[in-house]
Every structure is written in structure tokens, then in C-alpha cells.
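Enquirer: Before anything else, here's the structure in question.
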Amino acid sequence: MAGFRVRAAQPGDCEGIMRLIKELAEYEKLSDQVKIGAEDLCRDGFKESSPFFRCLVAETVEGDQGDAGSMLVGYALSYYTYSTWKGRSLYLEDIYVMPEHRGKGIGSKLLAAVAETCLSLGCSHLQFSVLDWNQPAISFYLSRGACDLSQKEGWHLFRIFPDDLRRMTSNVTRPTSDPADS
């Protein structure tokens, strides 16, 4: 019977992590939004002097075969953020377990490992987003003590895309009463 283990990702895992990222994007019906490849993951997570992210992987372990019989079946990718009210924090970008490996405690183990990392780094909190239709994920997080800030505090998540960023930076004349200056 196959077991599993959770460990820190290594550069050689990037192809497998990329496969899982594409599976997650397909599940979320957002496949067209995946614009990176394994090379980008390797550069950004392992070759930069200050990596842009941390990643844990879950892999199967076949008896005494060691790594020869292992396969990546899940991952959790996080990165530092900073709260001007609470200090350092960790953002969980993704946690994903292949459907055929769910219900075995792998997601719980990945989340617990991220929580352990968060605490060991002295972070004030772990934050993440979940699509509003993904009730299994919402239930999973709520059952582990997560607080839905969109309901509790009314926060909305915003994003500015590259075309709008370029428009912003090309507009060098700022209004005289910019609310950000207050």
C-alpha cells in the first residue's frame, strides 16, 4: 500500500509541480490563465538569491522503494506578505491534491506543514483566497479554523493587470488631491 510524505520542493520537482498547477487551473476553469512554465518556477523559487515563493510537495511512497516509486500528488505554494498592522505574514497561493488522492489526509498534512512554517517564521497570520463556488475548499478551510474575511470584515480582493499598470505609470500627471497622499 502506498503512503505519502510531505517535503520541501526541490528544483527537480518543477516539472511535476507545473503539471499539478495545470490540473488545478483546469479544475478552477482558468486553464487559459497559466502563463508560466517549469523554468519560471525553477528560476523564481530556487535560483534567485531571495526566492519569490516557498513550496511543499506531497509525494507517494511505495513501501521500501524510496524515491524510485514516488510521484508528486499535491503541493502547497506560499510567499511572504507584509501587513502594516500586524507585520510579517504568509500568503498561501495554492494548495492542491490530485482528485484520486483526496480523502487520505494529504491536504490536511500540506496545510499543517504550511501552518508550521508560518509559525516558525514568526508570521502574524496565514492568508489565502478561495473561489466563491469552491464549496469543498471553503468547507475544508473553515473546518480547520479559517475565518472568511469577505463575510466578517467585508474585504474585496482586487488585481491590476499589466495594461492598466502601464497606463498608470505613463500618466505622470497626478491629480492634486490624490487620496493616497492623505
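Identifiers for the C-alpha cells are assigned positionally: chains receive A, B, ... in sequence, residues are indexed from 1 per chain, and ligands are indexed from 1 in the order shown.
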Write out as a tab-separated table the residues of segment 58-130 of chain A that have any atom within 9 Å of an atom of segment 134-151 of chain A, one row each with the nearest atom pair and its distance in Å to one decimal, counting only C-alpha atoms, sorted by chain and then rising number.
Expert:
residue	atom	partner	partner_atom	distance
A:Gly107	CA	A:Phe140	CA	9.0
A:Ser108	CA	A:Phe140	CA	8.6
A:Gln127	CA	A:Ala146	CA	9.0
A:Val130	CA	A:Ile138	CA	6.8
Enquirer: Now that the selection is made, can you save its residues with all heavy atoms as a compact mmCIF listing (two decimals), in the first residue's frame?
Expert:
# COMPACT_ATOMS: atom_id res chain seq x y z
N GLY A 107 -4.10 16.81 1.97
CA GLY A 107 -4.36 18.25 2.05
C GLY A 107 -4.19 18.77 3.47
O GLY A 107 -3.60 19.83 3.69
N SER A 108 -4.67 18.00 4.44
CA SER A 108 -4.51 18.40 5.85
C SER A 108 -3.04 18.45 6.24
O SER A 108 -2.61 19.36 6.94
CB SER A 108 -5.24 17.41 6.76
OG SER A 108 -6.63 17.49 6.54
N GLN A 127 -2.81 33.85 5.05
CA GLN A 127 -3.94 34.38 4.30
C GLN A 127 -4.01 33.69 2.95
O GLN A 127 -2.99 33.27 2.40
CB GLN A 127 -3.76 35.90 4.11
CG GLN A 127 -5.02 36.58 3.64
CD GLN A 127 -5.03 38.05 4.04
OE1 GLN A 127 -4.68 38.40 5.16
NE2 GLN A 127 -5.42 38.88 3.12
N VAL A 130 -10.17 31.87 -1.91
CA VAL A 130 -10.85 30.69 -2.44
C VAL A 130 -11.95 31.19 -3.36
O VAL A 130 -12.68 32.13 -3.00
CB VAL A 130 -11.45 29.83 -1.30
CG1 VAL A 130 -12.15 28.60 -1.87
CG2 VAL A 130 -10.39 29.43 -0.30
Enquirer: Using Å and a single decimal, report how far atom CA of Glu116 of chain A sits from atom CA of Tyr82 of chain A.
Expert: 18.0 Å
Enquirer: Write out as a list in words the set of residues from segment 84-152 of chain A that DSSP, computed on the backbone, places in strand (DSSP E or B).
Expert: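 Secondary structure check on segment 84-152 of chain A, strand (DSSP E or B): Gly87, Arg88, Ser89, Leu90, Tyr91, Leu92, Glu93, Asp94, Ile95, Tyr96, Val97, Leu126 and Gln127 of chain A.
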Enquirer: For the structure I just gave you, how does DSSP split chain A - specifically, which residues are helix (DSSP H, G or I)? Reply as a ChimeraX atom specification.
Expert: /A:11-27,31-33,38-47,66-69,99-101,106-120,135-142,149-152,162-170,179-181
Enquirer: Determine, using only C-alpha atoms, which residues of segment 92-158 of chain A have any atom at most 10 Å from an atom of segment 47-62 of chain A, and tabulate each with its shortest atom pair and distance in Å to one decimal place, rows ordered by chain and then rising number, as CSV.
Expert:
residue,atom,partner,partner_atom,distance
A:Leu92,CA,A:Arg54,CA,9.5
A:Glu93,CA,A:Phe53,CA,9.3
A:Asp94,CA,A:Cys55,CA,9.5
A:Ile95,CA,A:Leu56,CA,9.3
A:Tyr96,CA,A:Ala58,CA,9.5
A:Val97,CA,A:Ala58,CA,8.1
A:His101,CA,A:Thr60,CA,9.4
A:Ile106,CA,A:Ala58,CA,7.0
A:Gly107,CA,A:Ala58,CA,8.7
A:Lys109,CA,A:Ala58,CA,8.6
A:Leu110,CA,A:Ala58,CA,7.2
A:Leu111,CA,A:Leu56,CA,9.6
A:Ala113,CA,A:Leu56,CA,8.0
A:Val114,CA,A:Leu56,CA,7.9
A:Thr117,CA,A:Arg54,CA,9.7
Enquirer: Got time to write the residues from that selection, C-alpha atoms, as a PDB file, in the first residue's frame?
Expert:
ATOM      1  CA  LEU A  92      -0.959  30.616   0.546  1.00  0.00           C
ATOM      2  CA  GLU A  93      -1.268  30.926  -3.229  1.00  0.00           C
ATOM      3  CA  ASP A  94      -2.241  27.316  -3.884  1.00  0.00           C
ATOM      4  CA  ILE A  95      -2.849  24.059  -2.129  1.00  0.00           C
ATOM      5  CA  TYR A  96      -3.797  21.201  -4.417  1.00  0.00           C
ATOM      6  CA  VAL A  97      -4.122  17.434  -4.197  1.00  0.00           C
ATOM      7  CA  HIS A 101      -5.519  11.091  -3.811  1.00  0.00           C
ATOM      8  CA  ILE A 106      -2.725  14.802   2.214  1.00  0.00           C
ATOM      9  CA  GLY A 107      -4.361  18.247   2.053  1.00  0.00           C
ATOM     10  CA  LYS A 109      -0.845  17.438   6.093  1.00  0.00           C
ATOM     11  CA  LEU A 110       0.143  20.073   3.492  1.00  0.00           C
ATOM     12  CA  LEU A 111      -1.868  22.766   5.289  1.00  0.00           C
ATOM     13  CA  ALA A 113       3.120  21.984   7.204  1.00  0.00           C
ATOM     14  CA  VAL A 114       2.376  25.484   5.835  1.00  0.00           C
ATOM     15  CA  THR A 117       6.253  27.211   8.530  1.00  0.00           C
TER      16      THR A 117
END
Enquirer: Find the residues near Cys42 of chain A: any atom within 9 Å, counting only C-alpha atoms, skip ones fewer than 3 places away on the same chain, and give them as a PDB file with N, CA and C atoms, in the first residue's frame.
Expert:
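As a result, result20.pdb now contains:
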ATOM      1  N   GLN A  10      12.111  20.726  -4.400  1.00  0.00           N
ATOM      2  CA  GLN A  10      13.472  20.889  -4.905  1.00  0.00           C
ATOM      3  C   GLN A  10      13.390  21.280  -6.376  1.00  0.00           C
ATOM      4  N   PRO A  11      14.466  21.824  -6.933  1.00  0.00           N
ATOM      5  CA  PRO A  11      14.423  22.240  -8.341  1.00  0.00           C
ATOM      6  C   PRO A  11      13.947  21.134  -9.287  1.00  0.00           C
ATOM      7  N   GLY A  12      14.312  19.897  -9.022  1.00  0.00           N
ATOM      8  CA  GLY A  12      13.899  18.792  -9.885  1.00  0.00           C
ATOM      9  C   GLY A  12      12.415  18.488  -9.843  1.00  0.00           C
ATOM     10  N   ASP A  13      11.691  19.095  -8.916  1.00  0.00           N
ATOM     11  CA  ASP A  13      10.247  18.887  -8.797  1.00  0.00           C
ATOM     12  C   ASP A  13       9.439  19.820  -9.690  1.00  0.00           C
ATOM     13  N   CYS A  14      10.082  20.791 -10.317  1.00  0.00           N
ATOM     14  CA  CYS A  14       9.343  21.851 -11.015  1.00  0.00           C
ATOM     15  C   CYS A  14       8.447  21.332 -12.140  1.00  0.00           C
ATOM     16  N   GLY A  37       6.000  28.450 -16.974  1.00  0.00           N
ATOM     17  CA  GLY A  37       6.419  27.072 -17.184  1.00  0.00           C
ATOM     18  C   GLY A  37       7.331  26.630 -16.056  1.00  0.00           C
ATOM     19  N   ALA A  38       7.797  25.399 -16.151  1.00  0.00           N
ATOM     20  CA  ALA A  38       8.666  24.828 -15.123  1.00  0.00           C
ATOM     21  C   ALA A  38       9.950  25.646 -14.961  1.00  0.00           C
ATOM     22  N   GLU A  39      10.460  26.211 -16.063  1.00  0.00           N
ATOM     23  CA  GLU A  39      11.692  27.013 -15.989  1.00  0.00           C
ATOM     24  C   GLU A  39      11.476  28.248 -15.113  1.00  0.00           C
ATOM     25  N   GLY A  45      11.821  30.174  -7.703  1.00  0.00           N
ATOM     26  CA  GLY A  45      11.779  29.520  -6.409  1.00  0.00           C
ATOM     27  C   GLY A  45      13.094  28.960  -5.919  1.00  0.00           C
ATOM     28  N   PHE A  46      14.069  28.801  -6.844  1.00  0.00           N
ATOM     29  CA  PHE A  46      15.281  28.106  -6.437  1.00  0.00           C
ATOM     30  C   PHE A  46      16.578  28.782  -6.870  1.00  0.00           C
ATOM     31  N   LYS A  47      16.531  29.639  -7.891  1.00  0.00           N
ATOM     32  CA  LYS A  47      17.773  30.233  -8.386  1.00  0.00           C
ATOM     33  C   LYS A  47      17.969  31.682  -7.972  1.00  0.00           C
ATOM     34  N   GLU A  48      16.911  32.339  -7.532  1.00  0.00           N
ATOM     35  CA  GLU A  48      17.008  33.734  -7.076  1.00  0.00           C
ATOM     36  C   GLU A  48      17.669  33.762  -5.699  1.00  0.00           C
TER      37      GLU A  48
END
Enquirer: From the options A:Phe128, A:Phe4, A:His156, A:Phe161, which residue's atoms come nearest to Ser70 of chain A, counting only C-alpha atoms?
Expert: A:Phe4
Enquirer: In Å, how far is it from atom CA of Lys86 of chain A to atom CA of His125 of chain A?
Expert: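 Between atom CA of Lys86 of chain A and atom CA of His125 of chain A the gap works out to 8.4 Å.
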Enquirer: Using only C-alpha atoms for the distances, tell me which of A:Leu157, A:Leu121, A:Val73, A:Leu24 is nearest to Glu100 of chain A.
Expert: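 Ranking A:Leu157, A:Leu121, A:Val73, A:Leu24 by distance to Glu100 of chain A, first place goes to A:Val73.
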Enquirer: Report the distance between atom CA of Arg159 of chain A and atom CA of Thr81 of chain A in Å, rounded to one decimal place.
Expert: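 So the two atoms, atom CA of Arg159 of chain A and atom CA of Thr81 of chain A, lie 15.4 Å apart.
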